[in-house]
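Peer 1: Here it is: the structure, laid out below.
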Amino acid sequence: MSIAKRRLSPEESRSMALAAARDLLIETGPQSVTLKAVAGRIGRTHANLLHHFGSASGLQKALAAYLSDEVCGLIGQAILKTRTGEGSVRDIVDLTFDAFDKQGAAALWSWMMLTGNEDALDPIVDAIHTLVDDIGEGGHEDREMHEDTLALVLMALGDALIGERLSGSLDLARNSARDMAERQLDDALGRWRQEHES
């Protein structure tokens, strides 16, 4: 006697699909994040995923939002811990760089742009904007926080795409970009502390 599959709520089904899509992204790259592959991974039908995401590009955009929200949440916590002395600037740098590199965000966004999904960066841009506004002292008006965030994200994205080859060709250590980002953020945190201690 076969056991019937448990019926999942739409939220559970969507969440399971996004987790599977993230795993596929990390394991085999962005080109493998298709409705068929994700459906096969979670034991659902192609039609079921089509209902949730509309298309492969819809799935990829949802995955970008999922990764962005998850990563920005972790970075926000790390920033708050750093401000209270519980965490380090390197924690923030490593979380950001790992999101683009080890978690596949840079590869996903590059793939989406190359395949014509022009709004591919919207989820990360929106999530970072919200994060900066939430943790910045002046909300949207905290210009220094915006500049520091821009520098960190661009460095992390660039490092994920060409950092290994470029640092090697320049005879620099592989972690050079992370070290530079750490120094910049450390300076920014120092300015923040000075402003709040005076």
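Ligands are numbered from 1 in the order shown, chains are lettered A, B, ... in the order of the structure tokens, and residues start at 1 in each chain.
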Can you check which parts of range 78-133 of chain A lie within 8 Å of range 24-45 of chain A? Per residue, the shortest pair of atoms and distance in Å to one decimal, counting only C-alpha atoms, sorted by chain and number, as a tab-separated table.
Peer 2:
residue	atom	partner	partner_atom	distance
A:Lys102	CA	A:Ile26	CA	7.1
A:Gln103	CA	A:Ile26	CA	5.8
A:Gly104	CA	A:Ile26	CA	5.6
A:Ala107	CA	A:Pro30	CA	6.3
A:Leu108	CA	A:Pro30	CA	5.1
A:Trp111	CA	A:Pro30	CA	6.4
Peer 1: Just want the 12 Å neighbourhood of Trp109 in chain A, counted on only C-alpha atoms, with same-chain residues fewer than 4 positions away dropped. Output as an MDAnalysis selection string.
Peer 2: chainID A and resid 25 29:31 57 60:65 67:68 99:101 103:105 113:125 157 160:161
Peer 1: Could you tell me which of A:Ala127, A:Leu152, A:Met16, A:Ala177 comes closest to Glu70 in chain A if we count only C-alpha atoms?
Peer 2: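 Nearest candidate to Glu70 in chain A out of A:Ala127, A:Leu152, A:Met16, A:Ala177: A:Ala127.
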Peer 1: Quick one: residues within 12 Å of range 170-176 of chain A, only C-alpha atoms, excluding same-chain residues fewer than 3 positions away - as a PDB file with C-alpha atoms, in the first residue's frame?
Peer 2:
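Output (part.pdb):
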ATOM      1  CA  ARG A  90      35.386  40.576   9.219  1.00  0.00           C
ATOM      2  CA  VAL A  93      32.762  41.126   5.078  1.00  0.00           C
ATOM      3  CA  ASP A  94      32.813  37.321   5.015  1.00  0.00           C
ATOM      4  CA  PHE A  97      31.540  37.933   0.049  1.00  0.00           C
ATOM      5  CA  ASP A  98      30.293  34.385   0.726  1.00  0.00           C
ATOM      6  CA  MET A 155      33.835  44.467  -4.141  1.00  0.00           C
ATOM      7  CA  ALA A 156      32.045  41.249  -3.178  1.00  0.00           C
ATOM      8  CA  ASP A 159      35.555  39.267  -6.300  1.00  0.00           C
ATOM      9  CA  ALA A 160      33.069  36.448  -6.878  1.00  0.00           C
ATOM     10  CA  ILE A 162      36.951  37.509 -11.284  1.00  0.00           C
ATOM     11  CA  GLY A 163      38.691  37.809  -7.912  1.00  0.00           C
ATOM     12  CA  GLU A 164      40.556  34.520  -8.016  1.00  0.00           C
ATOM     13  CA  ARG A 165      42.003  35.056 -11.495  1.00  0.00           C
ATOM     14  CA  LEU A 166      42.700  38.759 -11.011  1.00  0.00           C
ATOM     15  CA  SER A 167      44.382  38.446  -7.615  1.00  0.00           C
ATOM     16  CA  ASP A 179      41.146  42.363   3.534  1.00  0.00           C
ATOM     17  CA  MET A 180      40.651  45.678   1.715  1.00  0.00           C
ATOM     18  CA  ALA A 181      36.910  45.611   2.399  1.00  0.00           C
ATOM     19  CA  GLU A 182      37.577  44.876   6.062  1.00  0.00           C
ATOM     20  CA  ARG A 183      39.907  47.881   6.366  1.00  0.00           C
TER      21      ARG A 183
END
Peer 1: DSSP on the backbone, helix (DSSP H, G or I) only: what residues of range 3-187 of chain A does that give? Format it as a ChimeraX atom specification.
Peer 2: /A:10-28,30-32,35-42,46-53,56-83,89-100,105-114,122-135,139-141,143-169,176-187
Peer 1: Go ahead and save the residues from that selection, with C-alpha atoms, as a short mmCIF file (atom, residue, chain, number, x, y, z; two decimals), in the first residue's frame.
Peer 2:
data_model
loop_
_atom_site.label_atom_id
_atom_site.label_comp_id
_atom_site.auth_asym_id
_atom_site.auth_seq_id
_atom_site.Cartn_x
_atom_site.Cartn_y
_atom_site.Cartn_z
CA PRO A 10 1.28 27.05 -1.06
CA GLU A 11 3.81 28.72 1.26
CA GLU A 12 5.41 25.38 2.21
CA SER A 13 5.59 24.28 -1.41
CA ARG A 14 7.14 27.57 -2.50
CA SER A 15 9.64 27.54 0.35
CA MET A 16 10.65 23.94 -0.41
CA ALA A 17 11.12 24.82 -4.08
CA LEU A 18 13.31 27.83 -3.27
CA ALA A 19 15.49 25.81 -0.89
CA ALA A 20 15.93 23.17 -3.62
CA ALA A 21 16.70 25.88 -6.20
CA ARG A 22 19.35 27.32 -3.86
CA ASP A 23 20.94 23.87 -3.48
CA LEU A 24 20.98 23.37 -7.27
CA LEU A 25 22.53 26.81 -7.73
CA ILE A 26 25.36 26.01 -5.30
CA GLU A 27 25.92 22.46 -6.56
CA THR A 28 25.75 22.87 -10.34
CA PRO A 30 22.61 28.92 -12.33
CA GLN A 31 21.89 27.19 -15.64
CA SER A 32 20.55 24.22 -13.67
CA LEU A 35 11.38 24.41 -13.14
CA LYS A 36 11.91 20.81 -14.25
CA ALA A 37 15.08 20.32 -12.20
CA VAL A 38 13.59 21.86 -9.06
CA ALA A 39 10.36 19.89 -9.46
CA GLY A 40 12.36 16.67 -9.76
CA ARG A 41 14.42 17.55 -6.70
CA ILE A 42 11.36 18.02 -4.46
CA HIS A 46 6.49 20.94 -13.41
CA ALA A 47 2.91 22.32 -13.50
CA ASN A 48 2.97 22.81 -9.73
CA LEU A 49 6.08 24.99 -9.95
CA LEU A 50 4.75 26.78 -13.01
CA HIS A 51 1.74 27.74 -10.88
CA HIS A 52 4.00 29.23 -8.17
CA PHE A 53 6.61 30.98 -10.32
CA ALA A 56 12.07 29.66 -15.14
CA SER A 57 12.98 33.35 -15.01
CA GLY A 58 10.25 33.86 -12.40
CA LEU A 59 11.78 31.06 -10.34
CA GLN A 60 15.23 32.60 -10.68
CA LYS A 61 13.97 36.03 -9.68
CA ALA A 62 12.20 34.51 -6.65
CA LEU A 63 15.44 32.72 -5.78
CA ALA A 64 17.36 36.01 -6.02
CA ALA A 65 14.86 37.60 -3.61
CA TYR A 66 15.05 34.58 -1.29
CA LEU A 67 18.86 34.71 -1.17
CA SER A 68 18.87 38.49 -0.77
CA ASP A 69 16.46 38.49 2.16
CA GLU A 70 18.32 35.66 3.87
CA VAL A 71 21.75 37.22 3.40
CA CYS A 72 20.70 40.77 4.26
CA GLY A 73 19.10 39.48 7.46
CA LEU A 74 22.39 37.84 8.48
CA ILE A 75 24.44 40.91 7.52
CA GLY A 76 22.09 43.19 9.48
CA GLN A 77 22.51 41.02 12.58
CA ALA A 78 26.30 41.00 12.11
CA ILE A 79 26.39 44.81 11.81
CA LEU A 80 24.36 45.26 14.99
CA LYS A 81 26.62 42.78 16.83
CA THR A 82 29.71 44.65 15.61
CA ARG A 83 28.33 47.94 16.89
CA VAL A 89 33.94 43.69 10.86
CA ARG A 90 35.39 40.58 9.22
CA ASP A 91 32.12 38.74 9.99
CA ILE A 92 30.23 41.31 7.90
CA VAL A 93 32.76 41.13 5.08
CA ASP A 94 32.81 37.32 5.02
CA LEU A 95 29.01 37.05 5.03
CA THR A 96 28.75 39.47 2.13
CA PHE A 97 31.54 37.93 0.05
CA ASP A 98 30.29 34.38 0.73
CA ALA A 99 26.77 35.34 -0.37
CA PHE A 100 28.07 36.34 -3.79
CA ALA A 105 24.43 34.96 -5.94
CA ALA A 106 26.94 36.49 -8.38
CA ALA A 107 26.62 33.56 -10.77
CA LEU A 108 22.82 33.66 -10.58
CA TRP A 109 22.57 37.38 -11.27
CA SER A 110 25.12 37.21 -14.10
CA TRP A 111 23.22 34.32 -15.68
CA MET A 112 19.90 36.13 -15.39
CA MET A 113 21.31 39.26 -17.00
CA LEU A 114 22.85 37.25 -19.85
CA ASP A 122 16.00 44.20 -8.33
CA PRO A 123 15.68 41.80 -5.38
CA ILE A 124 19.26 42.31 -4.14
CA VAL A 125 19.11 46.07 -4.71
CA ASP A 126 15.79 46.31 -2.84
CA ALA A 127 16.98 44.08 0.02
CA ILE A 128 20.24 46.03 0.43
CA HIS A 129 18.39 49.35 0.27
CA THR A 130 16.00 48.20 3.02
CA LEU A 131 18.90 46.90 5.13
CA VAL A 132 20.82 50.18 4.85
CA ASP A 133 17.76 52.23 5.70
CA ASP A 134 17.00 50.02 8.71
CA ILE A 135 20.49 50.08 10.22
CA GLY A 139 17.61 56.01 7.59
CA HIS A 140 17.59 56.79 3.90
CA GLU A 141 19.59 59.98 4.52
CA ARG A 143 24.94 58.93 2.98
CA GLU A 144 28.08 57.39 4.46
CA MET A 145 26.28 54.11 5.12
CA HIS A 146 25.09 54.08 1.51
CA GLU A 147 28.62 54.67 0.21
CA ASP A 148 30.14 52.02 2.47
CA THR A 149 27.47 49.53 1.40
CA LEU A 150 28.01 50.30 -2.29
CA ALA A 151 31.75 49.72 -1.96
CA LEU A 152 31.30 46.45 -0.06
CA VAL A 153 28.71 45.01 -2.46
CA LEU A 154 30.66 45.97 -5.59
CA MET A 155 33.84 44.47 -4.14
CA ALA A 156 32.04 41.25 -3.18
CA LEU A 157 30.36 40.94 -6.57
CA GLY A 158 33.57 41.63 -8.49
CA ASP A 159 35.56 39.27 -6.30
CA ALA A 160 33.07 36.45 -6.88
CA LEU A 161 33.23 36.92 -10.65
CA ILE A 162 36.95 37.51 -11.28
CA GLY A 163 38.69 37.81 -7.91
CA GLU A 164 40.56 34.52 -8.02
CA ARG A 165 42.00 35.06 -11.49
CA LEU A 166 42.70 38.76 -11.01
CA SER A 167 44.38 38.45 -7.61
CA GLY A 168 46.48 35.58 -9.00
CA SER A 169 47.56 37.59 -12.04
CA SER A 176 43.15 40.56 -0.70
CA ALA A 177 39.74 42.01 -1.66
CA ARG A 178 38.24 40.81 1.63
CA ASP A 179 41.15 42.36 3.53
CA MET A 180 40.65 45.68 1.72
CA ALA A 181 36.91 45.61 2.40
CA GLU A 182 37.58 44.88 6.06
CA ARG A 183 39.91 47.88 6.37
CA GLN A 184 37.34 50.17 4.71
CA LEU A 185 34.51 48.96 6.94
CA ASP A 186 36.72 49.17 10.01
CA ASP A 187 37.39 52.84 9.20
#
